[in-house]
Amino acid sequence: MAMGITGTDVAKEAAVMILTDDNFATIIRAVENGRALYDNLLKYIRFQMGSLFAFIATFLASALFNILHGVPFLPLQVLWINFTIDVFLSIGLGMGNPTPGLMRRAPRKADERILPARLFTRLIITGVIIAACTLGVMQYAVAGAHWSTEVAQTMGMATFSLASILFALETNDELRSVFSHETLESVRLLKMCGWSLLAAFLVVVLDFMQRIFGTAGLTFRQWIICIVVSSVILWVTEIVKIFRRRAAASSTAGPETAPAAAVV
């Protein structure tokens, strides 16, 4: 490492890193920014993969169990969820506040996977839960309450969208509860969740959007059903986080010095 201002040319040529402002505190800020970018990227990937598994499980189970004749969503409804609901949430996660305490974490290993097997399995289970909630609402709408197919698809769309919003809030931190004060400090994520919520509401209530996307207006009771069922993903994730926090608290602290194979 060489100083960019006071360092000699020989030192700069031999150095791996050059501090252009001759300030060692710059290294700390660079590491902090790098960790924040990497952490937000992981949030984005976790959310996108969970949403992808939810779509796959929804369509696959709908075809296997013949729910709505294997067509849970119309093509335009899928596009609306992908390009409005999920896009807003992805922006909120990818450009939101970094997870508190990043600089207190041990350096990650150089060969650490972005999606380890345990996380990959957890995301698959999350997708299955969202799909089960969505298809459960649809099946109840057509078989239990004898509502129309349009109402069933609209309720499924609303349930899927609301579950995605709750999943994004949970994805923002793998350990802390969504009811902690850190969630309120994630202003950008909350704003994007608000836009996603508005998009999920407008596609149901506006007449011209109903004609475009094949949705139907929902009653107060139907909205309550969608909200209650979609919250299952919230409570399941909160229970999982309780056990994960206990496991993290009981685990022994690692060595203070990082191994040579680790990177910041």
# chains A, B, ... in the order shown; residues from 1 in each chain; ligands from 1
call {"tool": "residues_around", "arguments": {"residues": "Thr149 in chain A", "least_positions_apart": "2", "cutoff": "10 Å", "atoms": "only C-alpha atoms", "output": "list in words"}}
result
Leu68, His69, Pro72, Met138, Gln139, Ala141, Val142, His146, Trp147, Val151, Ala152, Gln153, Thr154, Met155, Thr215 and Ala216 of chain A
call {"tool": "write_last_selection", "arguments": {"atoms": "C-alpha atoms", "output": "CSV table (one decimal), in the first residue's frame"}}
result
chain,number,residue,atom,x,y,z
A,68,LEU,CA,-58.8,-22.6,-12.3
A,69,HIS,CA,-58.2,-25.1,-15.1
A,72,PRO,CA,-54.1,-19.0,-12.0
A,138,MET,CA,-58.5,-19.1,-5.5
A,139,GLN,CA,-59.9,-22.5,-4.6
A,141,ALA,CA,-63.3,-18.4,-4.1
A,142,VAL,CA,-64.5,-20.8,-6.9
A,146,HIS,CA,-68.8,-19.9,-5.7
A,147,TRP,CA,-67.5,-16.6,-7.0
A,151,VAL,CA,-62.9,-12.7,-8.9
A,152,ALA,CA,-60.9,-15.8,-8.0
A,153,GLN,CA,-58.0,-14.7,-10.2
A,154,THR,CA,-58.2,-11.2,-8.8
A,155,MET,CA,-58.1,-12.4,-5.3
A,215,THR,CA,-59.6,-8.3,-13.0
A,216,ALA,CA,-62.8,-7.7,-11.0
call {"tool": "closest_atom_pairs", "arguments": {"of": "range 70-94 of chain A", "to": "range 182-188 of chain A", "cutoff": "12 Å", "atoms": "only C-alpha atoms", "output": "JSON lines"}}
result
{"residue": "A:Phe88", "atom": "CA", "partner": "A:Arg188", "partner_atom": "CA", "distance": 10.1}
{"residue": "A:Leu89", "atom": "CA", "partner": "A:Arg188", "partner_atom": "CA", "distance": 9.7}
{"residue": "A:Ser90", "atom": "CA", "partner": "A:Arg188", "partner_atom": "CA", "distance": 10.9}
{"residue": "A:Ile91", "atom": "CA", "partner": "A:Arg188", "partner_atom": "CA", "distance": 8.5}
{"residue": "A:Gly92", "atom": "CA", "partner": "A:Arg188", "partner_atom": "CA", "distance": 5.6}
{"residue": "A:Leu93", "atom": "CA", "partner": "A:Arg188", "partner_atom": "CA", "distance": 8.3}
{"residue": "A:Gly94", "atom": "CA", "partner": "A:Arg188", "partner_atom": "CA", "distance": 9.9}
call {"tool": "write_last_selection", "arguments": {"atoms": "N, CA and C atoms", "output": "compact mmCIF listing (two decimals), in the first residue's frame"}}
result
# COMPACT_ATOMS: atom_id res chain seq x y z
N PHE A 88 -40.79 -2.40 -8.04
CA PHE A 88 -40.72 -1.44 -6.95
C PHE A 88 -40.02 -2.04 -5.73
N LEU A 89 -40.38 -3.26 -5.40
CA LEU A 89 -39.79 -3.91 -4.23
C LEU A 89 -38.30 -4.18 -4.44
N SER A 90 -37.92 -4.56 -5.65
CA SER A 90 -36.51 -4.80 -5.95
C SER A 90 -35.70 -3.52 -5.81
N ILE A 91 -36.25 -2.40 -6.27
CA ILE A 91 -35.56 -1.12 -6.12
C ILE A 91 -35.40 -0.77 -4.65
N GLY A 92 -36.44 -0.99 -3.87
CA GLY A 92 -36.36 -0.70 -2.45
C GLY A 92 -35.31 -1.52 -1.73
N LEU A 93 -35.17 -2.78 -2.13
CA LEU A 93 -34.16 -3.64 -1.49
C LEU A 93 -32.76 -3.35 -2.01
N GLY A 94 -32.63 -3.18 -3.32
CA GLY A 94 -31.31 -2.98 -3.91
C GLY A 94 -30.70 -1.62 -3.64
call {"tool": "residues_around", "arguments": {"residues": "range 55-67 of chain A", "least_positions_apart": "3", "cutoff": "7 Å", "atoms": "only C-alpha atoms", "output": "PDB file with N, CA and C atoms, in the first residue's frame"}}
result
ATOM      1  N   SER A  51     -39.521 -14.903  -5.266  1.00  0.00           N
ATOM      2  CA  SER A  51     -40.661 -14.585  -6.125  1.00  0.00           C
ATOM      3  C   SER A  51     -40.741 -15.535  -7.315  1.00  0.00           C
ATOM      4  N   LEU A  52     -39.590 -15.883  -7.878  1.00  0.00           N
ATOM      5  CA  LEU A  52     -39.565 -16.821  -9.006  1.00  0.00           C
ATOM      6  C   LEU A  52     -40.096 -18.193  -8.582  1.00  0.00           C
ATOM      7  N   GLY A  70     -55.837 -24.764 -14.421  1.00  0.00           N
ATOM      8  CA  GLY A  70     -54.405 -24.637 -14.653  1.00  0.00           C
ATOM      9  C   GLY A  70     -53.954 -23.255 -15.062  1.00  0.00           C
ATOM     10  N   VAL A  71     -54.839 -22.264 -14.974  1.00  0.00           N
ATOM     11  CA  VAL A  71     -54.477 -20.891 -15.358  1.00  0.00           C
ATOM     12  C   VAL A  71     -54.753 -19.974 -14.163  1.00  0.00           C
ATOM     13  N   PRO A  72     -53.835 -19.900 -13.194  1.00  0.00           N
ATOM     14  CA  PRO A  72     -54.074 -19.048 -12.026  1.00  0.00           C
ATOM     15  C   PRO A  72     -54.041 -17.565 -12.363  1.00  0.00           C
ATOM     16  N   GLY A 127     -41.384 -19.772  -1.488  1.00  0.00           N
ATOM     17  CA  GLY A 127     -42.183 -19.750  -2.709  1.00  0.00           C
ATOM     18  C   GLY A 127     -43.369 -20.687  -2.631  1.00  0.00           C
ATOM     19  N   VAL A 128     -43.175 -21.856  -2.032  1.00  0.00           N
ATOM     20  CA  VAL A 128     -44.277 -22.816  -1.886  1.00  0.00           C
ATOM     21  C   VAL A 128     -45.361 -22.254  -0.968  1.00  0.00           C
ATOM     22  N   ALA A 131     -47.291 -19.634  -2.868  1.00  0.00           N
ATOM     23  CA  ALA A 131     -48.140 -20.320  -3.850  1.00  0.00           C
ATOM     24  C   ALA A 131     -49.333 -20.980  -3.176  1.00  0.00           C
ATOM     25  N   LEU A 135     -53.147 -20.070  -4.149  1.00  0.00           N
ATOM     26  CA  LEU A 135     -54.059 -21.082  -4.687  1.00  0.00           C
ATOM     27  C   LEU A 135     -55.164 -21.429  -3.700  1.00  0.00           C
ATOM     28  N   GLN A 139     -58.996 -21.322  -4.754  1.00  0.00           N
ATOM     29  CA  GLN A 139     -59.850 -22.495  -4.634  1.00  0.00           C
ATOM     30  C   GLN A 139     -61.062 -22.205  -3.748  1.00  0.00           C
TER      31      GLN A 139
END
call {"tool": "select_by_dssp", "arguments": {"residues": "range 72-190 of chain A", "states": "alpha helix (DSSP H)", "output": "JSON, numbers by chain"}}
result
{"A": [75, 76, 77, 78, 79, 80, 86, 87, 88, 89, 90, 91, 92, 93, 94, 117, 118, 119, 120, 121, 122, 123, 124, 125, 126, 127, 128, 129, 130, 131, 132, 133, 134, 135, 136, 137, 138, 139, 149, 150, 151, 152, 153, 154, 155, 156, 157, 158, 159, 160, 161, 162, 163, 164, 165, 166, 167, 168, 169, 170, 171, 181, 182, 183, 184, 185, 187, 188, 189, 190]}
call {"tool": "write_last_selection", "arguments": {"atoms": "C-alpha atoms", "output": "PDB file, in the first residue's frame"}}
result
ATOM      1  CA  PRO A  75     -50.413 -13.251 -19.025  1.00  0.00           C
ATOM      2  CA  LEU A  76     -51.018  -9.533 -18.451  1.00  0.00           C
ATOM      3  CA  GLN A  77     -51.577 -10.158 -14.755  1.00  0.00           C
ATOM      4  CA  VAL A  78     -48.201 -11.897 -14.513  1.00  0.00           C
ATOM      5  CA  LEU A  79     -46.561  -8.989 -16.314  1.00  0.00           C
ATOM      6  CA  TRP A  80     -48.236  -6.494 -13.977  1.00  0.00           C
ATOM      7  CA  ASP A  86     -41.741  -6.767  -7.965  1.00  0.00           C
ATOM      8  CA  VAL A  87     -39.833  -3.952  -9.655  1.00  0.00           C
ATOM      9  CA  PHE A  88     -40.722  -1.438  -6.954  1.00  0.00           C
ATOM     10  CA  LEU A  89     -39.791  -3.914  -4.229  1.00  0.00           C
ATOM     11  CA  SER A  90     -36.510  -4.800  -5.945  1.00  0.00           C
ATOM     12  CA  ILE A  91     -35.565  -1.118  -6.125  1.00  0.00           C
ATOM     13  CA  GLY A  92     -36.365  -0.698  -2.448  1.00  0.00           C
ATOM     14  CA  LEU A  93     -34.161  -3.637  -1.491  1.00  0.00           C
ATOM     15  CA  GLY A  94     -31.315  -2.978  -3.913  1.00  0.00           C
ATOM     16  CA  ALA A 117     -27.945 -24.792  -0.020  1.00  0.00           C
ATOM     17  CA  ARG A 118     -29.725 -23.847   3.209  1.00  0.00           C
ATOM     18  CA  LEU A 119     -30.778 -20.437   1.871  1.00  0.00           C
ATOM     19  CA  PHE A 120     -31.787 -21.961  -1.461  1.00  0.00           C
ATOM     20  CA  THR A 121     -34.008 -24.465   0.342  1.00  0.00           C
ATOM     21  CA  ARG A 122     -35.512 -21.726   2.488  1.00  0.00           C
ATOM     22  CA  LEU A 123     -36.389 -19.668  -0.588  1.00  0.00           C
ATOM     23  CA  ILE A 124     -38.053 -22.682  -2.217  1.00  0.00           C
ATOM     24  CA  ILE A 125     -40.149 -23.197   0.915  1.00  0.00           C
ATOM     25  CA  THR A 126     -41.037 -19.501   0.902  1.00  0.00           C
ATOM     26  CA  GLY A 127     -42.183 -19.750  -2.709  1.00  0.00           C
ATOM     27  CA  VAL A 128     -44.277 -22.816  -1.886  1.00  0.00           C
ATOM     28  CA  ILE A 129     -45.933 -20.985   1.024  1.00  0.00           C
ATOM     29  CA  ILE A 130     -46.818 -17.985  -1.157  1.00  0.00           C
ATOM     30  CA  ALA A 131     -48.140 -20.320  -3.850  1.00  0.00           C
ATOM     31  CA  ALA A 132     -50.196 -22.280  -1.313  1.00  0.00           C
ATOM     32  CA  CYS A 133     -51.740 -19.077   0.040  1.00  0.00           C
ATOM     33  CA  THR A 134     -52.525 -17.830  -3.459  1.00  0.00           C
ATOM     34  CA  LEU A 135     -54.059 -21.082  -4.687  1.00  0.00           C
ATOM     35  CA  GLY A 136     -55.894 -21.601  -1.415  1.00  0.00           C
ATOM     36  CA  VAL A 137     -57.655 -18.270  -1.834  1.00  0.00           C
ATOM     37  CA  MET A 138     -58.472 -19.069  -5.456  1.00  0.00           C
ATOM     38  CA  GLN A 139     -59.850 -22.495  -4.634  1.00  0.00           C
ATOM     39  CA  THR A 149     -63.268 -17.067 -12.166  1.00  0.00           C
ATOM     40  CA  GLU A 150     -62.439 -13.380 -12.604  1.00  0.00           C
ATOM     41  CA  VAL A 151     -62.948 -12.742  -8.891  1.00  0.00           C
ATOM     42  CA  ALA A 152     -60.884 -15.811  -7.993  1.00  0.00           C
ATOM     43  CA  GLN A 153     -57.993 -14.700 -10.228  1.00  0.00           C
ATOM     44  CA  THR A 154     -58.212 -11.165  -8.843  1.00  0.00           C
ATOM     45  CA  MET A 155     -58.139 -12.426  -5.256  1.00  0.00           C
ATOM     46  CA  GLY A 156     -55.202 -14.666  -6.095  1.00  0.00           C
ATOM     47  CA  MET A 157     -53.404 -11.754  -7.709  1.00  0.00           C
ATOM     48  CA  ALA A 158     -54.050  -9.553  -4.673  1.00  0.00           C
ATOM     49  CA  THR A 159     -52.906 -12.284  -2.286  1.00  0.00           C
ATOM     50  CA  PHE A 160     -49.731 -12.924  -4.291  1.00  0.00           C
ATOM     51  CA  SER A 161     -48.953  -9.189  -4.457  1.00  0.00           C
ATOM     52  CA  LEU A 162     -49.520  -8.596  -0.745  1.00  0.00           C
ATOM     53  CA  ALA A 163     -47.445 -11.662   0.155  1.00  0.00           C
ATOM     54  CA  SER A 164     -44.634 -10.364  -2.080  1.00  0.00           C
ATOM     55  CA  ILE A 165     -44.657  -7.032  -0.251  1.00  0.00           C
ATOM     56  CA  LEU A 166     -44.468  -8.748   3.131  1.00  0.00           C
ATOM     57  CA  PHE A 167     -41.737 -11.057   1.844  1.00  0.00           C
ATOM     58  CA  ALA A 168     -39.692  -8.041   0.697  1.00  0.00           C
ATOM     59  CA  LEU A 169     -39.970  -6.480   4.151  1.00  0.00           C
ATOM     60  CA  GLU A 170     -38.793  -9.724   5.719  1.00  0.00           C
ATOM     61  CA  THR A 171     -35.970 -10.082   3.189  1.00  0.00           C
ATOM     62  CA  HIS A 181     -37.333   0.123  14.495  1.00  0.00           C
ATOM     63  CA  GLU A 182     -34.774  -0.623  11.764  1.00  0.00           C
ATOM     64  CA  THR A 183     -37.675  -1.283   9.391  1.00  0.00           C
ATOM     65  CA  LEU A 184     -38.997   2.229   9.944  1.00  0.00           C
ATOM     66  CA  GLU A 185     -35.546   3.612   9.163  1.00  0.00           C
ATOM     67  CA  VAL A 187     -37.378   4.886   4.178  1.00  0.00           C
ATOM     68  CA  ARG A 188     -36.736   3.979   0.540  1.00  0.00           C
ATOM     69  CA  LEU A 189     -37.940   0.411   1.009  1.00  0.00           C
ATOM     70  CA  LEU A 190     -41.098   1.603   2.748  1.00  0.00           C
TER      71      LEU A 190
END
call {"tool": "atom_distance", "arguments": {"atom1": "CA of Arg108 in chain A", "atom2": "CA of Asn33 in chain A"}}
result
14.9 Å
call {"tool": "closest_residue", "arguments": {"among": "A:Ala36, A:Leu74, A:Met1, A:Leu202", "to": "Ala15 in chain A", "atoms": "only C-alpha atoms"}}
result
A:Met1
call {"tool": "residues_around", "arguments": {"residues": "Trp195 in chain A", "least_positions_apart": "2", "cutoff": "9 Å", "atoms": "only C-alpha atoms", "output": "tab-separated table (two decimals) with N, CA and C atoms, in the first residue's frame"}}
result
chain	number	residue	atom	x	y	z
A	84	THR	N	-44.35	-4.20	-12.06
A	84	THR	CA	-44.73	-3.10	-11.15
A	84	THR	C	-44.47	-3.51	-9.70
A	85	ILE	N	-45.20	-4.51	-9.22
A	85	ILE	CA	-45.07	-4.92	-7.82
A	85	ILE	C	-43.62	-5.30	-7.50
A	88	PHE	N	-40.79	-2.40	-8.04
A	88	PHE	CA	-40.72	-1.44	-6.95
A	88	PHE	C	-40.02	-2.04	-5.73
A	89	LEU	N	-40.38	-3.26	-5.40
A	89	LEU	CA	-39.79	-3.91	-4.23
A	89	LEU	C	-38.30	-4.18	-4.44
A	190	LEU	N	-39.70	1.36	2.37
A	190	LEU	CA	-41.10	1.60	2.75
A	190	LEU	C	-41.83	2.38	1.65
A	191	LYS	N	-41.15	3.34	1.02
A	191	LYS	CA	-41.77	4.07	-0.08
A	191	LYS	C	-42.08	3.14	-1.25
A	192	MET	N	-41.12	2.27	-1.58
A	192	MET	CA	-41.35	1.34	-2.69
A	192	MET	C	-42.45	0.34	-2.36
A	193	CYS	N	-42.54	-0.07	-1.09
A	193	CYS	CA	-43.64	-0.94	-0.68
A	193	CYS	C	-44.98	-0.22	-0.83
A	197	LEU	N	-48.01	-1.42	-3.11
A	197	LEU	CA	-49.36	-1.56	-2.55
A	197	LEU	C	-50.37	-0.78	-3.38
A	198	LEU	N	-49.99	0.41	-3.81
A	198	LEU	CA	-50.87	1.21	-4.65
A	198	LEU	C	-51.12	0.53	-5.98
A	199	ALA	N	-50.08	-0.05	-6.57
A	199	ALA	CA	-50.23	-0.75	-7.85
A	199	ALA	C	-51.15	-1.96	-7.71
A	200	ALA	N	-51.01	-2.68	-6.59
A	200	ALA	CA	-51.88	-3.85	-6.37
A	200	ALA	C	-53.33	-3.43	-6.15
call {"tool": "select_by_dssp", "arguments": {"residues": "range 4-239 of chain A", "states": "strand (DSSP E)", "output": "JSON, numbers by chain"}}
result
{"A": [18, 19, 108, 109]}
